[in-house]
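A short write-up of the structure that comes next.
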Amino acid sequence: MAEHRDQWNSRTAFIMAAVGSAVGLGNVWRFPYVAYESGGGAFLIPYFTALFTAGIPMLILEMGLGQRLHRGAPLAFGSVKKPLQWFGWWAAGLSAAIVIYYSTILAWACVYLKHTLTLAWGTDPQAFFFDQVLHRSEGPSDIGAPVWPLVIGMALTWLAIYLILRKGVRSVSKVVLITVPLPMILLAVLLVRGLTLPGAMDGIRYFLTPNFAMLLEPKIWLKAYGQIFFSLSLASGVMIGYGSYLGKKAEINNSALITGLANCGTSFFAGFVVFSMLGYLANVQGVSVADVTTSGTGLAFVVFPTAISQLPALNVLFGLIFFVTLLTLGIDSAFALQEAFTTGFHDKWQIPPEKLARYFVLVAFPLSLLFVTRGGYYWFDIVDKWVCDFGLVISGLIQCLVIGYLYPIQDFRKSLNEQSEIPLGQWWIVMLRFVTPAVLTIILIMNLKTEWLNSYENYPRWATLIGGWGTLIIWIVLGYILWKTPGTESPKLKTEN
Ligand code: PHE
């Protein structure tokens, strides 16, 4: 059946969209901290090793697979072996789960845009964040009422996603021309501000002073792989979905390399922004940089607001710049995730993009409201932890094994080379068959062991069972239903030419 499938407006649009999905909050609030904790400048060694041995090879695999089969993850995996469509839906389901909680951070950032105008957090940004903004309850069992300002932020976030996705990948092609360069420019502005503040160099020194002894610890290497994996949006169907909108002969290998390097470059760059500000903050407070260093929500919504208040001038302006940066960093990761999921419905039931965007938002928005209730923070934290530390790792492992052993990977490599600017050697196959699966297995075992010994953040076991394992298991069930529902079948695998 001749089938109409949209294509990217240009190669630049494709690369921009891939970079936009990869570059997200992970680059700003996770990388700098992980690097600092794991050997500073020396961390770049395991980090780039992970990039070249797992990140880029998997990026090539995902983009190339989507392109060959012109399908998102579900039907693409169904082409390899019929029952694998089930796995494809599960992997795409992870992206649906991620976008539903990832939107929470964007909702917080929306609310902070308003608070920035008056620097409303005052002298205690931590109490302000948890008490005044989140109205956080005592624990996950106390869900409580929705917090209305956050609900409005959430509604705006989903509205933006709907408006961007309703015209499909053609409008994505245009939007990413803004949402990718803009945060980079804003980060550069913040960097100039940061570097010219007293104490900045202490912060940078903290960030970069290499501790080579730490490279002997296996944990550091695993962290590097984990960071690369999340940061490049691997194993969630995103890059398969985006690859599926490429023309038949489009270049893959170099595009993947550019995406990977741009993403890691942004992380490194963001490290300078974050640590110059932390250095300044430590200087003002008369403490050491280690005392103000943190990651995650704490960095974006507690430490940065503190630093913004302390700036000598133009505080509101820099506050706005910071939160607009967060929003523009996050939004293209969010719509990439939604697209990765909904493209499976387009493939199987030919639902047009406008309807898919509308239906998805109508289901996802109410679900996401759980995360903006008073107890929502805890559930956000649990789902995030499980999807990233277990879901994506399992998905990446299965994906490598499936393509490494059940797919004609030698032919795949040859035809990638024919259409590409950079040839792939046999090493690519060695990485996908042996190295990446081995590393992911070790990561998975270590994560399971840690969780077994101590419940994550001391949350009650029933909460992690429902929110964490429940999220992963429900997608096994939903994936099965979607697989079994009749619709267009996966295309037959042709031998590569
Ligand atoms: N790569 C994104 C980030 O760094 C997060 C993400 C993960 C997006 C998985 C899509 C899929 O923030």
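Ordering of the structure tokens sets the chain letters (A, B, ...), residue numbers begin anew at 1 in every chain, and ligands are numbered from 1 in the order given.
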Considering only C-alpha atoms and all ligand atoms, give me a table of residues in chain A that are at most 6 Å from ligand 1, with the closest atom pair and distance in Å for each, as CSV.
```
residue,atom,partner,partner_atom_place_in_ligand_line,distance
A:Ser21,CA,ligand 1,8 (C),5.6
A:Ala22,CA,ligand 1,1 (N),3.9
A:Val23,CA,ligand 1,4 (O),5.0
A:Gly24,CA,ligand 1,12 (O),3.3
A:Leu25,CA,ligand 1,12 (O),4.0
A:Gly26,CA,ligand 1,4 (O),3.5
A:Asn27,CA,ligand 1,4 (O),5.3
A:Phe230,CA,ligand 1,7 (C),4.9
A:Ser231,CA,ligand 1,1 (N),3.8
A:Leu232,CA,ligand 1,1 (N),5.0
A:Ser233,CA,ligand 1,9 (C),3.6
A:Ser236,CA,ligand 1,11 (C),5.6
A:Ser333,CA,ligand 1,8 (C),4.8
A:Leu337,CA,ligand 1,10 (C),5.4
```
Checklist line | All residues 9 Å or closer to Asp142 in chain A, only C-alpha atoms, same chain fewer than 4 positions away omitted, as a PyMOL selection string | finding: chain A and resi 137-138+374-375
Those residues with N, CA and C atoms, as a compact mmCIF listing (two decimals), in the first residue's frame please?
```txt
# COMPACT_ATOMS: atom_id res chain seq x y z
N SER A 137 2.99 17.88 50.52
CA SER A 137 2.40 17.20 51.67
C SER A 137 3.47 16.41 52.41
N GLU A 138 3.01 15.59 53.38
CA GLU A 138 3.96 14.85 54.23
C GLU A 138 4.59 13.65 53.54
N ARG A 374 -0.66 18.06 45.93
CA ARG A 374 0.28 18.34 47.03
C ARG A 374 1.26 17.20 47.25
N GLY A 375 0.81 15.98 47.00
CA GLY A 375 1.74 14.85 47.14
C GLY A 375 2.44 14.52 45.83
```
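The shortest atom-to-atom distance to Ile204 in chain A, with only C-alpha atoms taken into account, belongs to A:Ser276 out of A:Thr328, A:Thr464, A:Thr436, A:Ser276.
Using only C-alpha atoms for every distance, the candidate list A:Thr294, A:Thr196, A:Ser368, A:Ser141 yields A:Ser368 as the residue closest to Val99 in chain A.
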Notebook entry, point to check: So which one's closest to Ile409 in chain A, A:Leu367, A:Ala300, A:Ala42, A:Gly64? Using only C-alpha atoms, please.
Noted result: A:Gly64
Next item on the list: Rank nothing, just name the residue among A:Glu339, A:Asp411, A:Glu457, A:Asp384 nearest to Val169 in chain A, using only C-alpha atoms.
Entry: A:Glu339
Notebook entry, point to check: Using only C-alpha atoms, which residues sit within 8 Å of Ile308 in chain A once same-chain residues fewer than 4 positions away are excluded, as JSON, numbers by chain?
Noted result: {"A": [304, 315, 316, 318, 319]}
Which residues, written as a PDB file with N, CA and C atoms, in the first residue's frame, have at least one atom at most 10 Å from Leu191 in chain A, with only C-alpha atoms counted and residues fewer than 5 positions away on the same chain left out?
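Output contents, as saved in result15.pdb:
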```
ATOM      1  N   ILE A 185      21.784  30.349  23.230  1.00  0.00           N
ATOM      2  CA  ILE A 185      22.155  31.769  23.315  1.00  0.00           C
ATOM      3  C   ILE A 185      21.962  32.262  24.750  1.00  0.00           C
ATOM      4  N   LEU A 186      20.832  31.857  25.341  1.00  0.00           N
ATOM      5  CA  LEU A 186      20.567  32.304  26.711  1.00  0.00           C
ATOM      6  C   LEU A 186      21.595  31.744  27.684  1.00  0.00           C
ATOM      7  N   THR A 196      31.825  36.658  35.121  1.00  0.00           N
ATOM      8  CA  THR A 196      32.318  37.957  35.558  1.00  0.00           C
ATOM      9  C   THR A 196      31.963  38.229  37.021  1.00  0.00           C
ATOM     10  N   PHE A 269      29.274  22.841  28.405  1.00  0.00           N
ATOM     11  CA  PHE A 269      29.059  24.282  28.425  1.00  0.00           C
ATOM     12  C   PHE A 269      28.161  24.671  29.608  1.00  0.00           C
ATOM     13  N   ALA A 270      27.086  23.909  29.797  1.00  0.00           N
ATOM     14  CA  ALA A 270      26.165  24.181  30.903  1.00  0.00           C
ATOM     15  C   ALA A 270      26.885  24.030  32.242  1.00  0.00           C
ATOM     16  N   GLY A 271      27.868  23.133  32.272  1.00  0.00           N
ATOM     17  CA  GLY A 271      28.648  22.949  33.490  1.00  0.00           C
ATOM     18  C   GLY A 271      29.337  24.248  33.903  1.00  0.00           C
ATOM     19  N   PHE A 272      29.853  24.976  32.924  1.00  0.00           N
ATOM     20  CA  PHE A 272      30.509  26.255  33.227  1.00  0.00           C
ATOM     21  C   PHE A 272      29.503  27.271  33.778  1.00  0.00           C
ATOM     22  N   VAL A 273      28.311  27.280  33.167  1.00  0.00           N
ATOM     23  CA  VAL A 273      27.294  28.226  33.633  1.00  0.00           C
ATOM     24  C   VAL A 273      26.943  27.920  35.088  1.00  0.00           C
ATOM     25  N   VAL A 274      26.619  26.648  35.329  1.00  0.00           N
ATOM     26  CA  VAL A 274      26.156  26.260  36.652  1.00  0.00           C
ATOM     27  C   VAL A 274      27.255  26.493  37.699  1.00  0.00           C
ATOM     28  N   PHE A 275      28.476  26.055  37.388  1.00  0.00           N
ATOM     29  CA  PHE A 275      29.517  26.158  38.410  1.00  0.00           C
ATOM     30  C   PHE A 275      30.042  27.571  38.601  1.00  0.00           C
ATOM     31  N   SER A 276      29.967  28.416  37.578  1.00  0.00           N
ATOM     32  CA  SER A 276      30.380  29.800  37.827  1.00  0.00           C
ATOM     33  C   SER A 276      29.392  30.451  38.791  1.00  0.00           C
ATOM     34  N   MET A 277      28.103  30.129  38.610  1.00  0.00           N
ATOM     35  CA  MET A 277      27.087  30.682  39.516  1.00  0.00           C
ATOM     36  C   MET A 277      27.244  30.113  40.932  1.00  0.00           C
TER      37      MET A 277
END
```
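Residue neighbourhood of range 120-131 of chain A, excluding near-sequence residues (fewer than 6 positions): Trp108, Tyr112, Lys114, Ser137, Thr297, Gly298, Phe301, Val302, Val303, Phe304, Pro305, Thr306, Ser309, Gln310, Arg374 and Tyr377 of chain A, at 10 Å, using only C-alpha atoms.
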Please write the residues from the selection above to a file, keeping all heavy atoms, as a tab-separated table (two decimals), in the first residue's frame.
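part25.tsv was written with the following content:
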```tsv
chain	number	residue	atom	x	y	z
A	108	TRP	N	6.31	23.78	36.61
A	108	TRP	CA	7.00	24.54	37.68
A	108	TRP	C	7.69	25.76	37.09
A	108	TRP	O	7.63	26.86	37.65
A	108	TRP	CB	8.08	23.68	38.36
A	108	TRP	CG	7.57	22.49	39.10
A	108	TRP	CD1	6.29	22.26	39.53
A	108	TRP	CD2	8.35	21.35	39.51
A	108	TRP	NE1	6.23	21.04	40.17
A	108	TRP	CE2	7.47	20.47	40.18
A	108	TRP	CE3	9.69	20.99	39.38
A	108	TRP	CZ2	7.89	19.24	40.71
A	108	TRP	CZ3	10.11	19.78	39.91
A	108	TRP	CH2	9.22	18.92	40.57
A	112	TYR	N	7.37	29.71	37.93
A	112	TYR	CA	8.52	30.51	38.36
A	112	TYR	C	8.74	31.73	37.48
A	112	TYR	O	9.32	32.72	37.93
A	112	TYR	CB	9.79	29.66	38.44
A	112	TYR	CG	10.02	29.14	39.83
A	112	TYR	CD1	9.34	28.02	40.28
A	112	TYR	CD2	10.88	29.80	40.72
A	112	TYR	CE1	9.52	27.56	41.57
A	112	TYR	CE2	11.06	29.34	42.01
A	112	TYR	CZ	10.37	28.22	42.44
A	112	TYR	OH	10.55	27.77	43.71
A	114	LYS	N	6.52	33.70	36.64
A	114	LYS	CA	5.74	34.75	37.31
A	114	LYS	C	6.44	35.18	38.61
A	114	LYS	O	6.60	36.38	38.87
A	114	LYS	CB	4.34	34.21	37.61
A	114	LYS	CG	3.47	35.22	38.30
A	114	LYS	CD	2.09	34.66	38.62
A	114	LYS	CE	1.70	35.10	40.00
A	114	LYS	NZ	1.54	34.03	40.96
A	137	SER	N	2.99	17.88	50.52
A	137	SER	CA	2.40	17.20	51.67
A	137	SER	C	3.47	16.41	52.41
A	137	SER	O	4.65	16.48	52.08
A	137	SER	CB	1.27	16.29	51.21
A	137	SER	OG	1.81	15.23	50.45
A	297	THR	N	15.97	19.06	40.90
A	297	THR	CA	15.05	20.16	41.19
A	297	THR	C	15.69	21.18	42.11
A	297	THR	O	15.46	22.37	41.97
A	297	THR	CB	13.80	19.60	41.88
A	297	THR	OG1	14.25	18.78	42.95
A	297	THR	CG2	12.97	18.78	40.93
A	298	GLY	N	16.52	20.71	43.02
A	298	GLY	CA	17.16	21.61	43.97
A	298	GLY	C	18.00	22.65	43.26
A	298	GLY	O	18.01	23.83	43.63
A	301	PHE	N	15.47	25.08	41.09
A	301	PHE	CA	14.41	25.83	41.77
A	301	PHE	C	14.80	26.32	43.16
A	301	PHE	O	14.03	27.00	43.80
A	301	PHE	CB	13.12	25.00	41.83
A	301	PHE	CG	12.59	24.70	40.44
A	301	PHE	CD1	12.83	23.48	39.83
A	301	PHE	CD2	11.89	25.67	39.73
A	301	PHE	CE1	12.36	23.23	38.54
A	301	PHE	CE2	11.42	25.43	38.45
A	301	PHE	CZ	11.65	24.21	37.86
A	302	VAL	N	15.99	25.95	43.64
A	302	VAL	CA	16.43	26.47	44.94
A	302	VAL	C	17.75	27.23	44.78
A	302	VAL	O	17.83	28.42	45.09
A	302	VAL	CB	16.58	25.33	45.98
A	302	VAL	CG1	17.11	25.89	47.29
A	302	VAL	CG2	15.25	24.61	46.18
A	303	VAL	N	18.77	26.56	44.26
A	303	VAL	CA	20.08	27.19	44.22
A	303	VAL	C	20.12	28.34	43.21
A	303	VAL	O	20.61	29.42	43.52
A	303	VAL	CB	21.17	26.13	43.89
A	303	VAL	CG1	22.51	26.80	43.74
A	303	VAL	CG2	21.22	25.09	44.98
A	304	PHE	N	19.58	28.11	42.03
A	304	PHE	CA	19.59	29.19	41.04
A	304	PHE	C	18.79	30.41	41.48
A	304	PHE	O	19.27	31.54	41.37
A	304	PHE	CB	19.20	28.70	39.65
A	304	PHE	CG	20.38	28.61	38.74
A	304	PHE	CD1	21.19	27.48	38.75
A	304	PHE	CD2	20.72	29.67	37.93
A	304	PHE	CE1	22.31	27.42	37.95
A	304	PHE	CE2	21.84	29.61	37.12
A	304	PHE	CZ	22.64	28.49	37.13
A	305	PRO	N	17.57	30.21	42.00
A	305	PRO	CA	16.86	31.38	42.53
A	305	PRO	C	17.67	32.13	43.59
A	305	PRO	O	17.70	33.37	43.60
A	305	PRO	CB	15.58	30.78	43.12
A	305	PRO	CG	15.33	29.59	42.27
A	305	PRO	CD	16.69	29.04	41.96
A	306	THR	N	18.36	31.39	44.46
A	306	THR	CA	19.20	32.06	45.47
A	306	THR	C	20.23	32.93	44.77
A	306	THR	O	20.42	34.10	45.11
A	306	THR	CB	19.93	31.02	46.35
A	306	THR	OG1	19.00	30.03	46.74
A	306	THR	CG2	20.57	31.66	47.56
A	309	SER	N	18.77	36.07	43.18
A	309	SER	CA	18.51	37.14	44.15
A	309	SER	C	19.77	37.89	44.54
A	309	SER	O	19.73	39.07	44.86
A	309	SER	CB	17.91	36.57	45.43
A	309	SER	OG	16.63	36.08	45.18
A	310	GLN	N	20.88	37.17	44.56
A	310	GLN	CA	22.13	37.77	45.04
A	310	GLN	C	22.86	38.58	43.99
A	310	GLN	O	23.84	39.25	44.29
A	310	GLN	CB	23.09	36.67	45.51
A	310	GLN	CG	22.52	35.69	46.49
A	310	GLN	CD	22.67	36.19	47.91
A	310	GLN	OE1	23.16	37.29	48.12
A	310	GLN	NE2	22.23	35.41	48.87
A	374	ARG	N	-0.66	18.06	45.93
A	374	ARG	CA	0.28	18.34	47.03
A	374	ARG	C	1.26	17.20	47.25
A	374	ARG	O	2.40	17.41	47.64
A	374	ARG	CB	-0.51	18.65	48.31
A	374	ARG	CG	-1.37	19.91	48.12
A	374	ARG	CD	-1.97	20.35	49.42
A	374	ARG	NE	-0.92	20.47	50.41
A	374	ARG	CZ	-1.06	20.27	51.70
A	374	ARG	NH1	-2.25	19.95	52.17
A	374	ARG	NH2	-0.06	20.42	52.51
A	377	TYR	N	4.85	15.70	44.11
A	377	TYR	CA	6.30	15.71	44.03
A	377	TYR	C	6.89	14.31	44.26
A	377	TYR	O	7.80	13.88	43.56
A	377	TYR	CB	6.87	16.69	45.07
A	377	TYR	CG	8.36	16.74	45.06
A	377	TYR	CD1	9.04	17.54	44.16
A	377	TYR	CD2	9.11	15.97	45.97
A	377	TYR	CE1	10.42	17.58	44.14
A	377	TYR	CE2	10.49	16.00	45.95
A	377	TYR	CZ	11.14	16.81	45.04
A	377	TYR	OH	12.50	16.84	45.02
```
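Straight-line separation from CA of Met154 in chain A to CA of Tyr459 in chain A: 25.4 Å.
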Item checked: Picked from range 53-250 of chain A by DSSP as helix (DSSP H, G or I), as JSON, numbers by chain -> {"A": [53, 54, 55, 56, 57, 58, 59, 60, 61, 62, 63, 64, 65, 66, 67, 68, 69, 73, 74, 75, 76, 77, 78, 79, 80, 84, 85, 86, 87, 88, 89, 90, 91, 92, 93, 94, 95, 96, 97, 98, 99, 100, 101, 102, 103, 104, 105, 106, 107, 108, 109, 110, 111, 112, 113, 114, 115, 116, 117, 118, 125, 126, 127, 128, 129, 130, 131, 132, 133, 148, 149, 150, 151, 152, 153, 154, 155, 156, 157, 158, 159, 160, 161, 162, 163, 164, 165, 169, 170, 171, 172, 173, 174, 175, 176, 177, 178, 179, 181, 182, 183, 184, 185, 186, 187, 188, 189, 190, 191, 192, 193, 194, 195, 200, 201, 202, 203, 204, 205, 206, 207, 208, 212, 213, 214, 215, 216, 218, 219, 220, 221, 222, 223, 224, 225, 226, 227, 228, 229, 230, 231, 238, 239, 240, 241, 242, 243]}
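For the set A:Gln399, A:Thr373, A:Asn9, A:Thr488, the residue with the smallest atom-to-atom gap to Pro149 in chain A is A:Thr373, counting only C-alpha atoms.
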Next item on the list: For each of A:Arg30, A:Thr209, A:Gly139, A:Leu69, take the minimum atom-to-atom distance to Lys248 in chain A, counting only C-alpha atoms, then give the residue where this is smallest.
Entry: A:Leu69
Notebook entry, point to check: So what do you get for CA of Leu182 in chain A versus CA of Val19 in chain A, distance-wise?
Noted result: 12.7 Å
All residues 9 Å or closer to Pro352 in chain A, only C-alpha atoms, same chain fewer than 5 positions away omitted, as an mmCIF file with all heavy atoms, in the first residue's frame:
```cif
data_model
loop_
_atom_site.group_PDB
_atom_site.id
_atom_site.type_symbol
_atom_site.label_atom_id
_atom_site.label_comp_id
_atom_site.auth_asym_id
_atom_site.auth_seq_id
_atom_site.Cartn_x
_atom_site.Cartn_y
_atom_site.Cartn_z
ATOM 1 N N ARG A 166 0.334 19.412 16.281
ATOM 2 C CA ARG A 166 -0.882 19.112 15.512
ATOM 3 C C ARG A 166 -0.640 19.138 14.008
ATOM 4 O O ARG A 166 -1.331 18.473 13.264
ATOM 5 C CB ARG A 166 -2.009 20.058 15.929
ATOM 6 C CG ARG A 166 -1.986 21.373 15.225
ATOM 7 C CD ARG A 166 -2.901 22.358 15.854
ATOM 8 N NE ARG A 166 -2.301 23.653 15.631
ATOM 9 C CZ ARG A 166 -2.934 24.713 15.193
ATOM 10 N NH1 ARG A 166 -4.222 24.655 15.001
ATOM 11 N NH2 ARG A 166 -2.311 25.839 14.978
ATOM 12 N N GLY A 168 2.084 17.994 12.767
ATOM 13 C CA GLY A 168 3.051 16.937 12.484
ATOM 14 C C GLY A 168 4.470 17.462 12.369
ATOM 15 O O GLY A 168 4.810 18.549 12.840
ATOM 16 N N HIS A 346 -0.144 6.337 14.332
ATOM 17 C CA HIS A 346 -0.253 6.752 12.930
ATOM 18 C C HIS A 346 0.099 5.568 12.024
ATOM 19 O O HIS A 346 -0.596 5.272 11.053
ATOM 20 C CB HIS A 346 0.674 7.933 12.667
ATOM 21 C CG HIS A 346 0.694 8.340 11.229
ATOM 22 N ND1 HIS A 346 -0.308 9.070 10.649
ATOM 23 C CD2 HIS A 346 1.587 8.069 10.242
ATOM 24 C CE1 HIS A 346 -0.046 9.246 9.367
ATOM 25 N NE2 HIS A 346 1.102 8.654 9.093
ATOM 26 N N ALA A 357 -2.471 14.289 18.239
ATOM 27 C CA ALA A 357 -2.004 15.280 19.214
ATOM 28 C C ALA A 357 -3.141 15.596 20.181
ATOM 29 O O ALA A 357 -2.943 15.683 21.392
ATOM 30 C CB ALA A 357 -1.524 16.535 18.506
#
```
Next item on the list: Could you give me, as a VMD selection string, the residues within 6 Å of range 210-225 of chain A, counting only C-alpha atoms and dropping anything in the same chain fewer than 6 positions from it?
Entry: chain A and resid 38 to 42 46 to 47 50
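A straight line drawn from CA of Leu392 in chain A to CA of Val80 in chain A is 20.1 Å long.
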